[in-house]
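Chemist: Got protein.pdb for you, PDB, C-alpha atoms:
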MODEL        1
ATOM      1  CA  MET M 290      93.079  89.334 116.541
ATOM      2  CA  GLU M 291      93.754  91.636 113.595
ATOM      3  CA  MET M 292      93.212  95.390 113.685
ATOM      4  CA  GLU M 293      93.310  97.737 110.714
ATOM      5  CA  ILE M 294      94.855 101.155 111.250
ATOM      6  CA  ALA M 295      92.915 103.787 109.307
ATOM      7  CA  PRO M 296      94.644 104.243 105.944
ATOM      8  CA  VAL M 297      95.840 107.616 104.752
ATOM      9  CA  ILE M 298      96.241 108.937 101.224
ATOM     10  CA  LEU M 299      99.019 111.481 100.800
ATOM     11  CA  PRO M 300     100.176 113.460  97.776
ATOM     12  CA  ALA M 301     103.364 112.007  96.274
ATOM     13  CA  THR M 302     105.444 115.038  97.267
ATOM     14  CA  LEU M 303     108.417 115.424  99.576
ATOM     15  CA  ASP M 304     106.295 117.773 101.708
ATOM     16  CA  ALA M 305     104.072 114.791 102.612
ATOM     17  CA  LEU M 306     106.936 112.824 104.215
ATOM     18  CA  SER M 307     106.418 114.402 107.640
ATOM     19  CA  ARG M 308     102.757 113.281 107.643
ATOM     20  CA  LEU M 309     103.837 109.819 106.515
ATOM     21  CA  GLY M 310     106.390 109.716 109.338
ATOM     22  CA  GLN M 311     103.708 110.700 111.855
ATOM     23  CA  TYR M 312     101.451 107.885 110.588
ATOM     24  CA  VAL M 313     104.238 105.334 111.104
ATOM     25  CA  LYS M 314     105.077 106.791 114.521
ATOM     26  CA  ASP M 315     101.426 106.583 115.640
ATOM     27  CA  ALA M 316     101.097 103.038 114.273
ATOM     28  CA  SER M 317     104.300 102.004 116.061
ATOM     29  CA  GLU M 318     102.934 103.346 119.339
ATOM     30  CA  LYS M 319      99.685 101.408 118.847
ATOM     31  CA  ALA M 320     101.782  98.297 118.206
ATOM     32  CA  GLY M 321     103.850  98.866 121.340
ATOM     33  CA  LEU M 322     107.147  98.842 119.453
ATOM     34  CA  ASP M 323     110.189  99.896 121.432
ATOM     35  CA  ARG M 324     111.951 103.099 120.389
ATOM     36  CA  GLN M 325     114.611 101.401 118.265
ATOM     37  CA  ALA M 326     112.126  99.220 116.369
ATOM     38  CA  ALA M 327     109.829 102.219 115.812
ATOM     39  CA  TYR M 328     112.774 104.277 114.532
ATOM     40  CA  ASN M 329     113.901 101.480 112.188
ATOM     41  CA  LEU M 330     110.390 101.080 110.772
ATOM     42  CA  ARG M 331     109.981 104.818 110.236
ATOM     43  CA  LEU M 332     113.402 105.074 108.577
ATOM     44  CA  ALA M 333     112.620 102.141 106.244
ATOM     45  CA  VAL M 334     109.228 103.524 105.214
ATOM     46  CA  ASP M 335     110.697 107.010 104.723
ATOM     47  CA  GLU M 336     113.499 105.652 102.519
ATOM     48  CA  ILE M 337     111.138 103.770 100.204
ATOM     49  CA  ALA M 338     108.581 106.612 100.123
ATOM     50  CA  THR M 339     111.301 109.117  99.224
ATOM     51  CA  ASN M 340     112.399 106.865  96.342
ATOM     52  CA  ILE M 341     108.774 106.527  95.189
ATOM     53  CA  ILE M 342     108.294 110.300  95.189
ATOM     54  CA  VAL M 343     111.617 111.243  93.570
ATOM     55  CA  HIS M 344     112.100 108.376  91.100
ATOM     56  CA  GLY M 345     108.600 106.964  90.609
ATOM     57  CA  TYR M 346     106.800 110.277  90.225
ATOM     58  CA  GLU M 347     108.983 113.415  89.908
ATOM     59  CA  GLU M 348     111.724 112.076  87.593
ATOM     60  CA  ALA M 349     109.051 110.343  85.480
ATOM     61  CA  GLY M 350     107.066 113.581  85.164
ATOM     62  CA  LEU M 351     104.107 112.023  86.975
ATOM     63  CA  THR M 352     101.876 113.208  89.796
ATOM     64  CA  GLY M 353      99.796 111.074  92.097
ATOM     65  CA  ASP M 354      99.183 109.816  95.582
ATOM     66  CA  ILE M 355     100.640 107.348  98.036
ATOM     67  CA  LEU M 356      98.299 105.095 100.018
ATOM     68  CA  VAL M 357      99.587 104.041 103.434
ATOM     69  CA  GLN M 358      97.858 101.248 105.334
ATOM     70  CA  GLY M 359      98.711  99.717 108.687
ATOM     71  CA  LYS M 360      97.628  96.446 110.211
ATOM     72  CA  LEU M 361      98.245  94.949 113.649
ATOM     73  CA  ASN M 362      97.876  91.378 114.767
ATOM     74  CA  ASP M 363      99.029  89.608 117.891
ATOM     75  CA  GLY M 364     102.509  89.027 116.528
ATOM     76  CA  GLU M 365     103.380  91.885 114.193
ATOM     77  CA  ILE M 366     102.691  95.268 112.654
ATOM     78  CA  THR M 367     102.575  95.650 108.887
ATOM     79  CA  ILE M 368     102.769  98.933 107.000
ATOM     80  CA  ALA M 369     101.995  98.873 103.272
ATOM     81  CA  VAL M 370     102.909 101.777 100.989
ATOM     82  CA  GLU M 371     101.162 101.712  97.622
ATOM     83  CA  ASP M 372     101.650 103.975  94.606
ATOM     84  CA  SER M 373     100.931 104.193  90.884
ATOM     85  CA  GLY M 374     104.315 105.654  89.941
ATOM     86  CA  THR M 375     106.864 104.018  87.666
ATOM     87  CA  PRO M 376     107.137 100.258  88.320
ATOM     88  CA  PHE M 377     110.130  99.582  90.570
ATOM     89  CA  ASP M 378     111.054  96.522  92.597
ATOM     90  CA  PRO M 379     113.616  97.633  95.198
ATOM     91  CA  LEU M 380     114.602  93.997  95.755
ATOM     92  CA  ALA M 381     115.739  93.645  92.133
ATOM     93  CA  LYS M 382     118.617  96.080  92.693
ATOM     94  CA  LYS M 383     122.028  94.649  93.570
ATOM     95  CA  LEU M 384     122.695  95.351  97.226
ATOM     96  CA  PRO M 385     126.079  96.479  98.479
ATOM     97  CA  THR M 386     128.166  93.680  99.979
ATOM     98  CA  GLU M 387     130.001  93.912 103.299
ATOM     99  CA  GLU M 388     133.159  94.348 101.187
ATOM    100  CA  ASP M 389     131.559  97.316  99.354
ATOM    101  CA  LEU M 390     130.579  98.912 102.659
ATOM    102  CA  ALA M 391     134.131  98.561 104.006
ATOM    103  CA  ARG M 392     135.535 100.616 101.115
ATOM    104  CA  PRO M 393     136.062 104.383 101.347
ATOM    105  CA  LEU M 394     132.988 106.328 100.164
ATOM    106  CA  GLU M 395     134.598 107.465  96.914
ATOM    107  CA  GLU M 396     135.301 103.820  95.933
ATOM    108  CA  ARG M 397     131.838 102.433  96.666
ATOM    109  CA  PRO M 398     129.328 101.668  93.934
ATOM    110  CA  ILE M 399     126.488 104.199  93.788
ATOM    111  CA  GLY M 400     123.025 103.084  94.823
ATOM    112  CA  GLY M 401     121.547 100.264  96.842
ATOM    113  CA  LEU M 402     122.425 101.573 100.299
ATOM    114  CA  GLY M 403     118.854 102.694 101.042
ATOM    115  CA  ILE M 404     117.315  99.284 100.395
ATOM    116  CA  TYR M 405     120.214  97.704 102.334
ATOM    117  CA  LEU M 406     119.219  99.844 105.340
ATOM    118  CA  VAL M 407     115.541  98.945 104.819
ATOM    119  CA  LEU M 408     116.307  95.219 104.830
ATOM    120  CA  LYS M 409     118.557  95.524 107.896
ATOM    121  CA  GLY M 410     116.006  97.656 109.777
ATOM    122  CA  VAL M 411     112.783  95.671 109.461
ATOM    123  CA  ASP M 412     111.960  92.056 110.203
ATOM    124  CA  LYS M 413     110.476  91.478 106.748
ATOM    125  CA  PHE M 414     110.185  93.505 103.541
ATOM    126  CA  ALA M 415     108.280  92.539 100.399
ATOM    127  CA  TYR M 416     107.419  94.139  97.073
ATOM    128  CA  GLU M 417     104.414  93.352  94.872
ATOM    129  CA  ARG M 418     103.224  94.756  91.558
ATOM    130  CA  SER M 419      99.483  94.508  91.041
ATOM    131  CA  GLY M 420      97.958  96.053  87.925
ATOM    132  CA  ASN M 421      99.450  99.542  87.712
ATOM    133  CA  ARG M 422     100.315  99.688  91.440
ATOM    134  CA  ASN M 423     103.564  99.199  93.356
ATOM    135  CA  ARG M 424     103.127  97.839  96.882
ATOM    136  CA  ASN M 425     105.974  97.894  99.413
ATOM    137  CA  ILE M 426     105.239  95.956 102.610
ATOM    138  CA  PHE M 427     107.168  96.403 105.857
ATOM    139  CA  THR M 428     106.716  94.045 108.812
ATOM    140  CA  MET M 429     108.007  94.313 112.369
ATOM    141  CA  LYS M 430     107.526  91.719 115.072
ATOM    142  CA  ARG M 431     105.692  92.907 118.162
ATOM    143  CA  ARG M 432     107.619  91.787 121.223
ATOM    144  CA  LEU M 433     104.730  91.495 123.629
ATOM    145  CA  PRO M 434     104.473  89.482 126.834
ATOM    146  CA  GLY M 435     103.650  85.928 125.799
ATOM    147  CA  ASN M 436     105.368  86.060 122.385
ATOM    148  CA  GLY M 437     108.975  86.752 123.248
ATOM    149  CA  GLY M 438     108.484  89.349 125.955
ATOM    150  CA  ASN M 439     110.074  92.776 126.246
TER     151      ASN M 439
ENDMDL
END
Before anything else, please render the file you have as C-alpha cells.

Modeler:
Amino acid sequence: MEMEIAPVILPATLDALSRLGQYVKDASEKAGLDRQAAYNLRLAVDEIATNIIVHGYEEAGLTGDILVQGKLNDGEITIAVEDSGTPFDPLAKKLPTEEDLARPLEERPIGGLGIYLVLKGVDKFAYERSGNRNRNIFTMKRRLPGNGGN
C-alpha cells in the first residue's frame, strides 16, 4: 500500500532548511525509521537542499521555491526534492576516493564530499532533469516486521 505524505513548497532560502528538516523528521517518524536511518536521511536531504539553494539559486542570481514530496510504501520511504534552479546532476561530479579521504585535509581535492555522504547515508539516490526542473530522489528501506525486521 502506498501513502503520499502531503507535499510542502518552501522558499529556496537557507532560512527554510529548518522547515525542510522538520518535514523529513516527520516523514521518517511516519515511516518508522530508526534514529540512525532518520538522521542519515535528514542529513542527505539537507546537503542537497543546501547545494540547491546556494549554487542553484543564490549564486545564479535566481529566486524560487523547492517542492518536497514524501511517499511511503510497505518497503521504503522516498523523499523527492524538486527545484527550478540551475541544472545540476550531483551524480555527475567526481566523488572522492577512499585514498582521497585518507589524505590530510589540506591535500584533498575540493568538492564532492557532500554527495559522497549522501550516497553513503541513504539506500538509494537518483537525479532526474525534467523540463526546467531538477529532481533529487532519496530512498530509505523501512525495516518493518515481515520485511527484514527491526

Chemist: Need the shell around Pro296 (chain M): protein/DNA/RNA residues with any atom at most 12 Å away, counting only C-alpha atoms. Skip same-chain ones fewer than 5 positions apart. Format as a ChimeraX atom specification?

Modeler: /M:309,312-313,316,355-360,368-371

Chemist: List the residues sitting within 12 Å of (113.5, 101.2, 108.2) in the file's frame, using all atoms listed in the file, as a ChimeraX atom specification.

Modeler: /M:310,313-314,325-338,368,402-414,426-429

Chemist: Take the residues from that selection and put them in a file with C-alpha atoms, as an mmCIF file, keeping the file's coordinate frame.

Modeler:
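In the end it all went to part31.cif:
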data_model
loop_
_atom_site.group_PDB
_atom_site.id
_atom_site.type_symbol
_atom_site.label_atom_id
_atom_site.label_comp_id
_atom_site.auth_asym_id
_atom_site.auth_seq_id
_atom_site.Cartn_x
_atom_site.Cartn_y
_atom_site.Cartn_z
ATOM 1 C CA GLY M 310 106.390 109.716 109.338
ATOM 2 C CA VAL M 313 104.238 105.334 111.104
ATOM 3 C CA LYS M 314 105.077 106.791 114.521
ATOM 4 C CA GLN M 325 114.611 101.401 118.265
ATOM 5 C CA ALA M 326 112.126 99.220 116.369
ATOM 6 C CA ALA M 327 109.829 102.219 115.812
ATOM 7 C CA TYR M 328 112.774 104.277 114.532
ATOM 8 C CA ASN M 329 113.901 101.480 112.188
ATOM 9 C CA LEU M 330 110.390 101.080 110.772
ATOM 10 C CA ARG M 331 109.981 104.818 110.236
ATOM 11 C CA LEU M 332 113.402 105.074 108.577
ATOM 12 C CA ALA M 333 112.620 102.141 106.244
ATOM 13 C CA VAL M 334 109.228 103.524 105.214
ATOM 14 C CA ASP M 335 110.697 107.010 104.723
ATOM 15 C CA GLU M 336 113.499 105.652 102.519
ATOM 16 C CA ILE M 337 111.138 103.770 100.204
ATOM 17 C CA ALA M 338 108.581 106.612 100.123
ATOM 18 C CA ILE M 368 102.769 98.933 107.000
ATOM 19 C CA LEU M 402 122.425 101.573 100.299
ATOM 20 C CA GLY M 403 118.854 102.694 101.042
ATOM 21 C CA ILE M 404 117.315 99.284 100.395
ATOM 22 C CA TYR M 405 120.214 97.704 102.334
ATOM 23 C CA LEU M 406 119.219 99.844 105.340
ATOM 24 C CA VAL M 407 115.541 98.945 104.819
ATOM 25 C CA LEU M 408 116.307 95.219 104.830
ATOM 26 C CA LYS M 409 118.557 95.524 107.896
ATOM 27 C CA GLY M 410 116.006 97.656 109.777
ATOM 28 C CA VAL M 411 112.783 95.671 109.461
ATOM 29 C CA ASP M 412 111.960 92.056 110.203
ATOM 30 C CA LYS M 413 110.476 91.478 106.748
ATOM 31 C CA PHE M 414 110.185 93.505 103.541
ATOM 32 C CA ILE M 426 105.239 95.956 102.610
ATOM 33 C CA PHE M 427 107.168 96.403 105.857
ATOM 34 C CA THR M 428 106.716 94.045 108.812
ATOM 35 C CA MET M 429 108.007 94.313 112.369
#

Chemist: Measure the distance from CA of Tyr346 (chain M) to CA of Gly374 (chain M) in Å and round it to one decimal.

Modeler: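 One can read the CA of Tyr346 (chain M) to CA of Gly374 (chain M) distance as 5.3 Å.
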
Chemist: Output the residue selection produced by the PyMOL selection byres ((chain M and resi 420) around 12) on the file above, formatted as a PyMOL selection string.

Modeler: chain M and resi 371-376+417-419+421-424

Chemist: Report, in Å with one decimal, the straight-line distance from CA of Lys382 (chain M) to CA of Ile298 (chain M).

Modeler: 27.2 Å

Chemist: In Å, how far is it from CA of Leu322 (chain M) to CA of Arg308 (chain M)?

Modeler: 19.2 Å

Chemist: Using all atoms listed in the file, can you tell me which of M:Glu388, M:Glu347, M:Asp315, M:Glu365 comes closest to Lys430 (chain M)?

Modeler: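 When distances to Lys430 (chain M) are compared using all atoms listed in the file, the smallest one comes from M:Glu365.
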
Chemist: Can you work out which one of M:Gly353, M:Gly345, M:Pro300, M:Pro393 has the shortest atom-to-atom distance to Pro379 (chain M), counting all atoms listed in the file?

Modeler: M:Gly345
